[in-house]
Amino acid sequence: MAGSGKNMSALKKHDVVKESEEILRLIAADEADVPWRKWGPYLSERQWGTVREDYSENGDAWSYFTHDHARSRAYHWGEDGLAGISDEKQRLCFALAFWNERDPILKERLFGLTNSEGNHGEDVKEYYFYIDSTPTHSYMKYLYKYPQAAYPYDDLVKINRERTRKEYEYELIDTGIFDDDRYFDIFVEYAKGTPEDILIRISAWNRGPDAAVLHILPTLWFRNTWSWSPEEKKPEMAQMLDGSGLSVICVKHEKLGERFLYGDREVPLLFTENETNNERLFGTSNASPYVKDGIHSFIVHGDRNAVNPDRIGTKAAFHHALTIAGGDRVCIRLRLTDASPAEITKRYKNPEGVLGEAFDELFSARIQEADEFYDAISPDLLSRDERDVMRQALAGLLWTKQYYYFDLDKWLSEHQSHPLSGSAVHVSTRNRHWYHMVNDDIISMPDKWEYPWYAAWDLAFHTVGLSMVDPVFSRRQLELMLSEVYLHPNGQIPAYEWNFGDVNPPVHAWATLFAYSIQQQLLGRGNVEYLKQAFTKLLMNFTWWVNRKDSSGNNVFEGGFLGLDNIGVFDRSSHLPTGGYLEQADGTAWMALFSQNMLELALEIATEDPAYEDVANKFLEHFFWIAAAIDKVGANYEDDLWDEEDGFFYDLLRMPDGTAKRIKVRSMVGLLPLCAATVIPHEFVERFPRFLERATQFLERHSDLLADIHPPQQRGVADRHLLSVLSERKLRRILTRMLDEERFLSPYGIRSLSRWHKDHPYLFTVHGEQFEVKYLPAESDTGMFGGNSNWRGPVWFPVNLTILRALLQYYLFYGDSFKIECPTGSGNEMNLFEVAKEISRRLSSIFLRDSKGCRPAYGGTAKFNSDPYWRDYILFYEYFHGDNGAGLGASHQTGWTATVAKLIQLFGYLDPDDLLKRGARPVTQVYLKGFNHA
């Protein structure tokens, strides 16, 4: 990205950034293209069961390529592994494998339940933690907890299948396998000497009382590209004898060149091929006796013929067979590098060679540099616990980067489903209309096991956390989704691989604006050319929404589940049992916010290109039309999204005959109109007289549009203007409900469904069938929206973050003149900054130790809360129990949940008086404060 390095360089030259080694690495990567990001944790944690690997006729990805197949079957589109790394195109991969001499299989990848096996959908059944990572991956640390007893694969599947949706999931810790501490803590650390020199340290602790056997197999392999593409030259891997007494694997790849993996002791080297074991899986012959599961067969079954005695292949492992005394540990050192032993000695002036004393010294240096980096972005007033939560949240976000490869043109042709092919056979194959798409990038994933595929709207929230540590990578993630090989020619942003054509909330413009604000702070001015490019693509997406999701042309939008899955009466992505369609309060609110964001972007560009003033007016008008449609002035009471009696917004069910009925579910759907709020500085308006003149003329012609929204002409603090679909009266009514602890305000944030529905379920009957929405603080008891139907009450970070953004916008306008009871009925009056801070405190407290030393995220699980080997390792779940804050859903959902790091940082730095004085800038300026403690 041209100019991205200059951002960091400008900071350095003006002494804004501390010249820490990690910052210098970022500068080198972004300005001089030094490949510090080339190697990273880019392996998936589950490639099996994905759409990419599904070549079934019925589209059942989970059943077509199972966990049982994964050890024996070469993947087509990617690779997976434990605590693994790869280069940025996943040509060469490194990961760990383990065996405790009791498991029926070699532990090469994480195990979990498929959608049909889990009582609440798919779920990983392992304990692993992302402890640390710098943005260039110059230092990373990972922990895997490996039981010493046989892993209970069958038990986990059987009991979870037997349990109903009304019962809790049966977890690995419930099996008793960690009782008496009979397990290994296996820490995996990486440190980079240079961009191509990666040091690896594996520390295995026996936490049990007795000696136990552990086989550790550091494994190196090539992604199989040659079987699918005949033009690809097959790479080579062989043992090298260098006379040093070290075990060495030498690899040769046409594009990567030569690499060496050094081990610190003489152990057996096992070689096989990354080729499918057709004989085991399909009963057909193998081209070679050496196949993907050859090392597994050698270790577990003692089959000496399964590995190549010539010690060559495309997959190889060091075999460490260890007996570790109770309470003791062993340490294994390896080095993956482009340098020969002589070159290593010369490079580091280290007479002890590749794995000598300087090895641990380099680790110590990288750890110190990581400490300096995170100390720089952590407010001084934070507690040690807050710092740890913030750092682990960001580490998880960085660990869940993944190389994602998916060429839809090729994939659809292989499925005989390509729409442009005259011989297309399977016309029901998913994603048929996305044949333009080629994904071949490092992407931030929601979770690399449960969601090992990107979701565009999730990704927008990931960039909030990523911007704290790597603003350039963060911005590039947004650019990917708008590039020609992602964005559909019709303007739709891809949703996720199960259905790229599904509809996600339009938050990309907001995220682009946030990324631009960070860039503006770094440089002192923003890159308007970059903004123009993004704006053009966002304009295409806005047009797609207007043309495709406003079926009646009345500025009220429908859009599928819009990120809120099963929060309503019906599956909003399917045909309604009543016929007709839903006019959605949340869909319409998202579009109002989209209009505001596009207006802000247009005005920002107009500072250098006045032609964008006219475009800005267009989006201002769009906002007013949408705001008026949310609450139609003089409309029939039952024909409106706003319910005056309840003081709340509801979806509207539009029947085939044109009549309408409100779906009176008090959920996040009705809170989201609150979020369509944006402050415009008065000096911005004064700068564009033509914009002001046209806006004034429009409002004079259509004064009725302003009847019950916030008057945009009104000036607030510092003469600011507020665009909001809520008048002050409506704002107070909605906040009164939202801040009620018996309704939306839980001790741990804002619930997705009002607790009022616990005793007052909403019922809807159609064609003799009754539909019910009832408050459930944890997992939903309905499978309406597939396996993970979960939004009947839990706390969810993305929408909470959106609410917090809105509250700060309102505060910028109202200042201390607007106060409200928080919680409702408490008599405690707060301004909206204080309200935002209180909600943020509740959200953050999910992960922090309480007065009893427990973390609410871990519920009542004693081992997680009290065991010294568990309590300081934190999981950032997908969503959280609406009453007690316990973590639910995907246990490693670090993507959007990592925004807790931003909340801890933001309210650790942000001063309300400073915010009022300078406007929105301090919200992004905390990035700079993180580096100079200004």
# chains A, B, ... in the order shown; residues from 1 in each chain; ligands from 1
call {"tool": "select_by_dssp", "arguments": {"residues": "range 570-751 of chain A", "states": "helix (DSSP H, G or I)", "output": "PyMOL selection string"}}
result
chain A and resi 585-606+612-630+637-639+668-675+682-687+689-701+703-706+717-719+728-738
call {"tool": "write_last_selection", "arguments": {"atoms": "C-alpha atoms", "output": "CSV table (one decimal), in the first residue's frame"}}
result
chain,number,residue,atom,x,y,z
A,585,ALA,CA,-36.4,-1.9,12.2
A,586,ASP,CA,-32.8,-3.0,12.4
A,587,GLY,CA,-32.3,-3.2,8.6
A,588,THR,CA,-33.7,0.3,8.3
A,589,ALA,CA,-31.5,1.6,11.1
A,590,TRP,CA,-28.4,0.1,9.6
A,591,MET,CA,-29.2,1.9,6.3
A,592,ALA,CA,-29.8,5.2,8.1
A,593,LEU,CA,-26.3,4.8,9.7
A,594,PHE,CA,-24.9,3.8,6.3
A,595,SER,CA,-26.3,7.0,4.8
A,596,GLN,CA,-24.7,9.0,7.7
A,597,ASN,CA,-21.3,7.3,7.2
A,598,MET,CA,-21.4,7.9,3.4
A,599,LEU,CA,-22.2,11.6,4.1
A,600,GLU,CA,-19.2,11.9,6.4
A,601,LEU,CA,-17.0,10.2,3.9
A,602,ALA,CA,-18.2,12.5,1.1
A,603,LEU,CA,-17.6,15.6,3.1
A,604,GLU,CA,-14.1,14.4,4.0
A,605,ILE,CA,-13.3,13.9,0.4
A,606,ALA,CA,-14.9,17.2,-0.5
A,612,TYR,CA,-18.2,15.5,-3.7
A,613,GLU,CA,-20.4,18.2,-2.1
A,614,ASP,CA,-23.2,17.2,-4.4
A,615,VAL,CA,-22.8,13.5,-3.4
A,616,ALA,CA,-22.8,14.5,0.3
A,617,ASN,CA,-26.2,16.2,-0.3
A,618,LYS,CA,-27.5,13.0,-1.9
A,619,PHE,CA,-26.7,11.0,1.2
A,620,LEU,CA,-28.1,13.6,3.6
A,621,GLU,CA,-31.3,13.3,1.7
A,622,HIS,CA,-31.2,9.5,1.8
A,623,PHE,CA,-30.9,9.8,5.6
A,624,PHE,CA,-33.9,12.1,5.9
A,625,TRP,CA,-36.1,9.8,3.8
A,626,ILE,CA,-35.1,6.8,5.8
A,627,ALA,CA,-35.4,8.5,9.1
A,628,ALA,CA,-38.9,9.7,8.2
A,629,ALA,CA,-39.9,6.2,7.0
A,630,ILE,CA,-39.0,4.7,10.4
A,637,TYR,CA,-50.7,3.3,14.0
A,638,GLU,CA,-50.3,-0.3,13.0
A,639,ASP,CA,-48.4,0.6,9.8
A,668,MET,CA,-31.9,-5.5,19.9
A,669,VAL,CA,-33.8,-5.0,16.7
A,670,GLY,CA,-35.7,-2.2,18.4
A,671,LEU,CA,-32.6,-0.7,20.0
A,672,LEU,CA,-30.6,-0.4,16.8
A,673,PRO,CA,-32.4,2.8,15.5
A,674,LEU,CA,-30.7,4.4,18.6
A,675,CYS,CA,-27.4,3.7,16.8
A,682,HIS,CA,-20.5,23.2,12.5
A,683,GLU,CA,-17.2,24.2,10.9
A,684,PHE,CA,-17.6,21.3,8.5
A,685,VAL,CA,-21.0,22.7,7.4
A,686,GLU,CA,-19.6,26.3,7.1
A,687,ARG,CA,-16.8,25.0,4.9
A,689,PRO,CA,-21.8,26.7,1.6
A,690,ARG,CA,-23.3,25.0,-1.4
A,691,PHE,CA,-23.9,21.9,0.7
A,692,LEU,CA,-25.6,24.0,3.4
A,693,GLU,CA,-27.7,25.9,0.8
A,694,ARG,CA,-29.0,22.7,-0.9
A,695,ALA,CA,-29.7,21.0,2.4
A,696,THR,CA,-31.6,24.0,3.6
A,697,GLN,CA,-33.7,24.1,0.4
A,698,PHE,CA,-34.4,20.4,0.7
A,699,LEU,CA,-35.6,20.7,4.3
A,700,GLU,CA,-37.8,23.7,3.4
A,701,ARG,CA,-39.5,21.6,0.7
A,703,SER,CA,-40.3,20.1,6.4
A,704,ASP,CA,-42.7,17.3,7.3
A,705,LEU,CA,-39.7,14.9,7.3
A,706,LEU,CA,-38.5,16.6,10.5
A,717,VAL,CA,-22.1,21.6,22.3
A,718,ALA,CA,-19.4,23.5,20.3
A,719,ASP,CA,-22.2,24.3,17.7
A,728,GLU,CA,-34.8,13.8,22.3
A,729,ARG,CA,-38.2,12.5,23.6
A,730,LYS,CA,-37.8,9.2,21.7
A,731,LEU,CA,-34.2,8.9,22.9
A,732,ARG,CA,-35.2,9.2,26.5
A,733,ARG,CA,-38.0,6.6,26.1
A,734,ILE,CA,-35.7,4.0,24.5
A,735,LEU,CA,-32.8,4.6,26.9
A,736,THR,CA,-35.2,4.2,29.8
A,737,ARG,CA,-36.0,0.6,28.6
A,738,MET,CA,-32.4,-0.1,27.6
call {"tool": "closest_atom_pairs", "arguments": {"of": "range 809-869 of chain A", "to": "range 180-203 of chain A", "cutoff": "12 Å", "atoms": "only C-alpha atoms", "output": "JSON lines"}}
result
{"residue": "A:Lys863", "atom": "CA", "partner": "A:Asp181", "partner_atom": "CA", "distance": 10.1}
{"residue": "A:Asp867", "atom": "CA", "partner": "A:Asp181", "partner_atom": "CA", "distance": 9.9}
{"residue": "A:Pro868", "atom": "CA", "partner": "A:Asp181", "partner_atom": "CA", "distance": 11.5}
{"residue": "A:Tyr869", "atom": "CA", "partner": "A:Asp185", "partner_atom": "CA", "distance": 8.6}
call {"tool": "residues_around", "arguments": {"residues": "range 447-464 of chain A", "least_positions_apart": "2", "cutoff": "8 Å", "atoms": "only C-alpha atoms", "output": "PyMOL selection string"}}
result
chain A and resi 44-47+50+110+122-124+397+400+402+404+443-445+466-468+474-475+477-478+481+493-497+504-508+511+514-515+798+890+892-896+898-899+902
call {"tool": "write_last_selection", "arguments": {"atoms": "N, CA and C atoms", "output": "CSV table (one decimal), in the first residue's frame"}}
result
chain,number,residue,atom,x,y,z
A,44,SER,N,-5.2,-22.8,9.4
A,44,SER,CA,-6.5,-23.0,10.0
A,44,SER,C,-6.4,-24.0,11.1
A,45,GLU,N,-7.4,-24.0,11.9
A,45,GLU,CA,-7.5,-25.0,13.0
A,45,GLU,C,-8.6,-26.1,12.6
A,46,ARG,N,-9.2,-25.8,11.5
A,46,ARG,CA,-10.1,-26.9,10.9
A,46,ARG,C,-10.3,-26.6,9.4
A,47,GLN,N,-9.7,-27.5,8.6
A,47,GLN,CA,-10.0,-27.4,7.2
A,47,GLN,C,-11.0,-28.4,6.7
A,50,THR,N,-15.4,-28.0,5.7
A,50,THR,CA,-15.6,-26.6,5.2
A,50,THR,C,-16.2,-26.7,3.8
A,110,LEU,N,-7.2,-30.2,16.1
A,110,LEU,CA,-8.2,-30.1,17.2
A,110,LEU,C,-9.5,-30.9,16.8
A,122,GLU,N,-22.2,-27.0,16.2
A,122,GLU,CA,-20.7,-27.3,16.2
A,122,GLU,C,-20.0,-26.7,17.3
A,123,ASP,N,-19.0,-27.4,17.8
A,123,ASP,CA,-18.3,-26.9,19.0
A,123,ASP,C,-16.9,-27.6,19.1
A,124,VAL,N,-15.8,-26.8,19.3
A,124,VAL,CA,-14.5,-27.5,19.5
A,124,VAL,C,-14.5,-28.0,21.0
A,397,LEU,N,-6.7,-12.2,18.6
A,397,LEU,CA,-7.0,-11.5,17.3
A,397,LEU,C,-5.9,-11.7,16.3
A,400,THR,N,-5.5,-15.4,15.1
A,400,THR,CA,-6.6,-16.0,14.2
A,400,THR,C,-6.6,-15.4,12.8
A,402,GLN,N,-5.6,-16.0,9.1
A,402,GLN,CA,-5.5,-17.3,8.4
A,402,GLN,C,-5.4,-17.1,6.9
A,404,TYR,N,-6.4,-17.8,3.4
A,404,TYR,CA,-7.7,-18.3,2.9
A,404,TYR,C,-7.7,-18.3,1.4
A,443,ILE,N,-6.4,-13.4,6.1
A,443,ILE,CA,-7.6,-12.7,6.5
A,443,ILE,C,-7.8,-12.9,8.0
A,444,SER,N,-8.4,-12.0,8.7
A,444,SER,CA,-8.7,-12.1,10.1
A,444,SER,C,-10.0,-12.9,10.2
A,445,MET,N,-9.9,-14.1,10.8
A,445,MET,CA,-11.1,-15.0,11.0
A,445,MET,C,-11.8,-14.7,12.3
A,466,LEU,N,-7.7,-4.7,15.7
A,466,LEU,CA,-6.5,-4.7,14.9
A,466,LEU,C,-5.9,-3.3,14.8
A,467,SER,N,-6.7,-2.3,14.7
A,467,SER,CA,-6.2,-0.9,14.5
A,467,SER,C,-5.3,-0.5,15.7
A,468,MET,N,-5.5,-1.1,16.9
A,468,MET,CA,-4.7,-0.8,18.1
A,468,MET,C,-3.3,-1.2,17.9
A,474,SER,N,-5.0,-3.6,9.4
A,474,SER,CA,-6.4,-3.4,9.6
A,474,SER,C,-7.1,-2.8,8.4
A,475,ARG,N,-6.5,-1.7,7.9
A,475,ARG,CA,-7.1,-1.0,6.7
A,475,ARG,C,-7.1,-1.9,5.5
A,477,GLN,N,-7.5,-5.1,5.4
A,477,GLN,CA,-8.6,-6.0,5.5
A,477,GLN,C,-9.9,-5.5,5.0
A,478,LEU,N,-10.1,-4.2,5.2
A,478,LEU,CA,-11.3,-3.6,4.7
A,478,LEU,C,-11.2,-3.4,3.2
A,481,MET,N,-12.3,-6.6,1.1
A,481,MET,CA,-13.7,-6.9,0.9
A,481,MET,C,-14.3,-6.0,-0.2
A,493,ILE,N,-21.4,-7.0,-0.9
A,493,ILE,CA,-20.2,-7.5,-0.2
A,493,ILE,C,-20.4,-8.9,0.2
A,494,PRO,N,-19.5,-9.8,0.0
A,494,PRO,CA,-19.7,-11.3,0.4
A,494,PRO,C,-19.9,-11.4,1.9
A,495,ALA,N,-20.8,-12.4,2.2
A,495,ALA,CA,-21.2,-12.6,3.6
A,495,ALA,C,-20.2,-13.6,4.2
A,496,TYR,N,-20.3,-14.9,3.9
A,496,TYR,CA,-19.5,-15.9,4.4
A,496,TYR,C,-19.6,-17.1,3.5
A,497,GLU,N,-18.7,-18.1,3.6
A,497,GLU,CA,-18.6,-19.1,2.6
A,497,GLU,C,-19.8,-20.1,2.5
A,504,ASN,N,-25.5,-9.3,5.3
A,504,ASN,CA,-24.9,-8.9,6.5
A,504,ASN,C,-25.2,-7.4,6.7
A,505,PRO,N,-25.2,-6.9,8.0
A,505,PRO,CA,-25.4,-5.5,8.2
A,505,PRO,C,-24.3,-4.6,7.4
A,506,PRO,N,-24.7,-3.5,6.9
A,506,PRO,CA,-23.8,-2.7,6.1
A,506,PRO,C,-22.9,-1.8,7.0
A,507,VAL,N,-21.9,-2.4,7.6
A,507,VAL,CA,-21.1,-1.6,8.5
A,507,VAL,C,-19.7,-1.3,8.0
A,508,HIS,N,-19.5,-1.6,6.7
A,508,HIS,CA,-18.2,-1.4,6.1
A,508,HIS,C,-17.8,0.1,6.0
A,511,ALA,N,-16.6,1.2,9.4
A,511,ALA,CA,-15.2,0.7,9.6
A,511,ALA,C,-14.2,1.5,8.8
A,514,PHE,N,-13.6,4.7,10.4
A,514,PHE,CA,-12.7,4.5,11.6
A,514,PHE,C,-11.3,4.4,11.2
A,515,ALA,N,-11.0,3.5,10.2
A,515,ALA,CA,-9.7,3.3,9.7
A,515,ALA,C,-9.0,4.6,9.2
A,798,PRO,N,-20.5,-7.1,19.3
A,798,PRO,CA,-20.6,-6.1,18.2
A,798,PRO,C,-21.7,-5.1,18.4
A,890,ALA,N,-18.9,-20.2,20.4
A,890,ALA,CA,-17.5,-20.5,20.0
A,890,ALA,C,-16.6,-20.0,21.1
A,892,HIS,N,-13.4,-19.7,21.3
A,892,HIS,CA,-12.2,-18.9,20.9
A,892,HIS,C,-12.6,-17.8,19.9
A,893,GLN,N,-13.8,-17.2,20.0
A,893,GLN,CA,-14.3,-16.2,19.1
A,893,GLN,C,-13.5,-14.9,19.4
A,894,THR,N,-12.3,-14.8,19.1
A,894,THR,CA,-11.5,-13.7,19.5
A,894,THR,C,-11.8,-12.5,18.6
A,895,GLY,N,-12.4,-12.7,17.4
A,895,GLY,CA,-12.6,-11.6,16.4
A,895,GLY,C,-13.3,-10.4,17.0
A,896,TRP,N,-14.7,-10.6,17.1
A,896,TRP,CA,-15.4,-9.4,17.5
A,896,TRP,C,-15.3,-9.2,19.0
A,898,ALA,N,-12.7,-9.5,20.8
A,898,ALA,CA,-11.5,-8.8,21.1
A,898,ALA,C,-11.7,-7.3,21.2
A,899,THR,N,-12.9,-6.8,20.8
A,899,THR,CA,-13.1,-5.3,20.9
A,899,THR,C,-13.1,-4.9,22.4
A,902,LYS,N,-10.3,-2.7,23.1
A,902,LYS,CA,-10.5,-1.3,22.7
A,902,LYS,C,-11.3,-0.6,23.8
call {"tool": "residues_around", "arguments": {"residues": "Ala365 in chain A", "least_positions_apart": "5", "cutoff": "10 Å", "atoms": "only C-alpha atoms", "output": "PyMOL selection string"}}
result
chain A and resi 21+139+191+360+370-371
call {"tool": "write_last_selection", "arguments": {"atoms": "N, CA and C atoms", "output": "tab-separated table (two decimals), in the first residue's frame"}}
result
chain	number	residue	atom	x	y	z
A	21	GLU	N	11.44	-1.77	19.04
A	21	GLU	CA	11.85	-2.66	17.95
A	21	GLU	C	10.64	-3.13	17.14
A	139	TYR	N	7.14	-12.35	17.96
A	139	TYR	CA	7.04	-13.23	19.13
A	139	TYR	C	5.60	-13.70	19.25
A	191	ALA	N	9.88	-17.03	17.87
A	191	ALA	CA	10.59	-15.75	17.87
A	191	ALA	C	11.34	-15.62	16.55
A	360	ASP	N	18.23	-18.72	23.22
A	360	ASP	CA	17.40	-18.26	24.33
A	360	ASP	C	17.53	-16.75	24.55
A	370	ALA	N	8.07	-7.34	23.08
A	370	ALA	CA	6.61	-7.49	23.12
A	370	ALA	C	6.04	-6.78	24.34
A	371	ASP	N	6.71	-6.91	25.49
A	371	ASP	CA	6.28	-6.20	26.70
A	371	ASP	C	6.27	-4.70	26.48
call {"tool": "select_by_dssp", "arguments": {"residues": "range 56-86 of chain A", "states": "strand (DSSP E)", "output": "PyMOL selection string"}}
result
chain A and resi 82-86
call {"tool": "write_last_selection", "arguments": {"atoms": "N, CA and C atoms", "output": "compact mmCIF listing (two decimals), in the first residue's frame"}}
result
# COMPACT_ATOMS: atom_id res chain seq x y z
N LEU A 82 -1.98 -27.88 14.77
CA LEU A 82 -1.94 -27.42 16.16
C LEU A 82 -0.82 -26.42 16.35
N ALA A 83 -1.17 -25.23 16.83
CA ALA A 83 -0.18 -24.19 17.16
C ALA A 83 0.72 -23.91 15.97
N GLY A 84 0.15 -23.95 14.76
CA GLY A 84 0.97 -23.93 13.56
C GLY A 84 1.24 -22.56 12.96
N ILE A 85 2.23 -22.57 12.04
CA ILE A 85 2.55 -21.38 11.25
C ILE A 85 2.72 -21.81 9.80
N SER A 86 2.69 -20.82 8.91
CA SER A 86 3.00 -21.06 7.50
C SER A 86 3.45 -19.76 6.88
call {"tool": "atom_distance", "arguments": {"atom1": "CA of Pro152 in chain A", "atom2": "CA of Thr175 in chain A"}}
result
7.7 Å
call {"tool": "residues_around", "arguments": {"residues": "range 760-775 of chain A", "least_positions_apart": "2", "cutoff": "7 Å", "atoms": "only C-alpha atoms", "output": "ChimeraX atom specification"}}
result
/A:568-569,578,665,753-758,777,792-793
call {"tool": "closest_residue", "arguments": {"among": "A:Asp781, A:Asp759, A:Glu644, A:Asp550", "to": "Glu167 in chain A", "atoms": "only C-alpha atoms"}}
result
A:Asp781
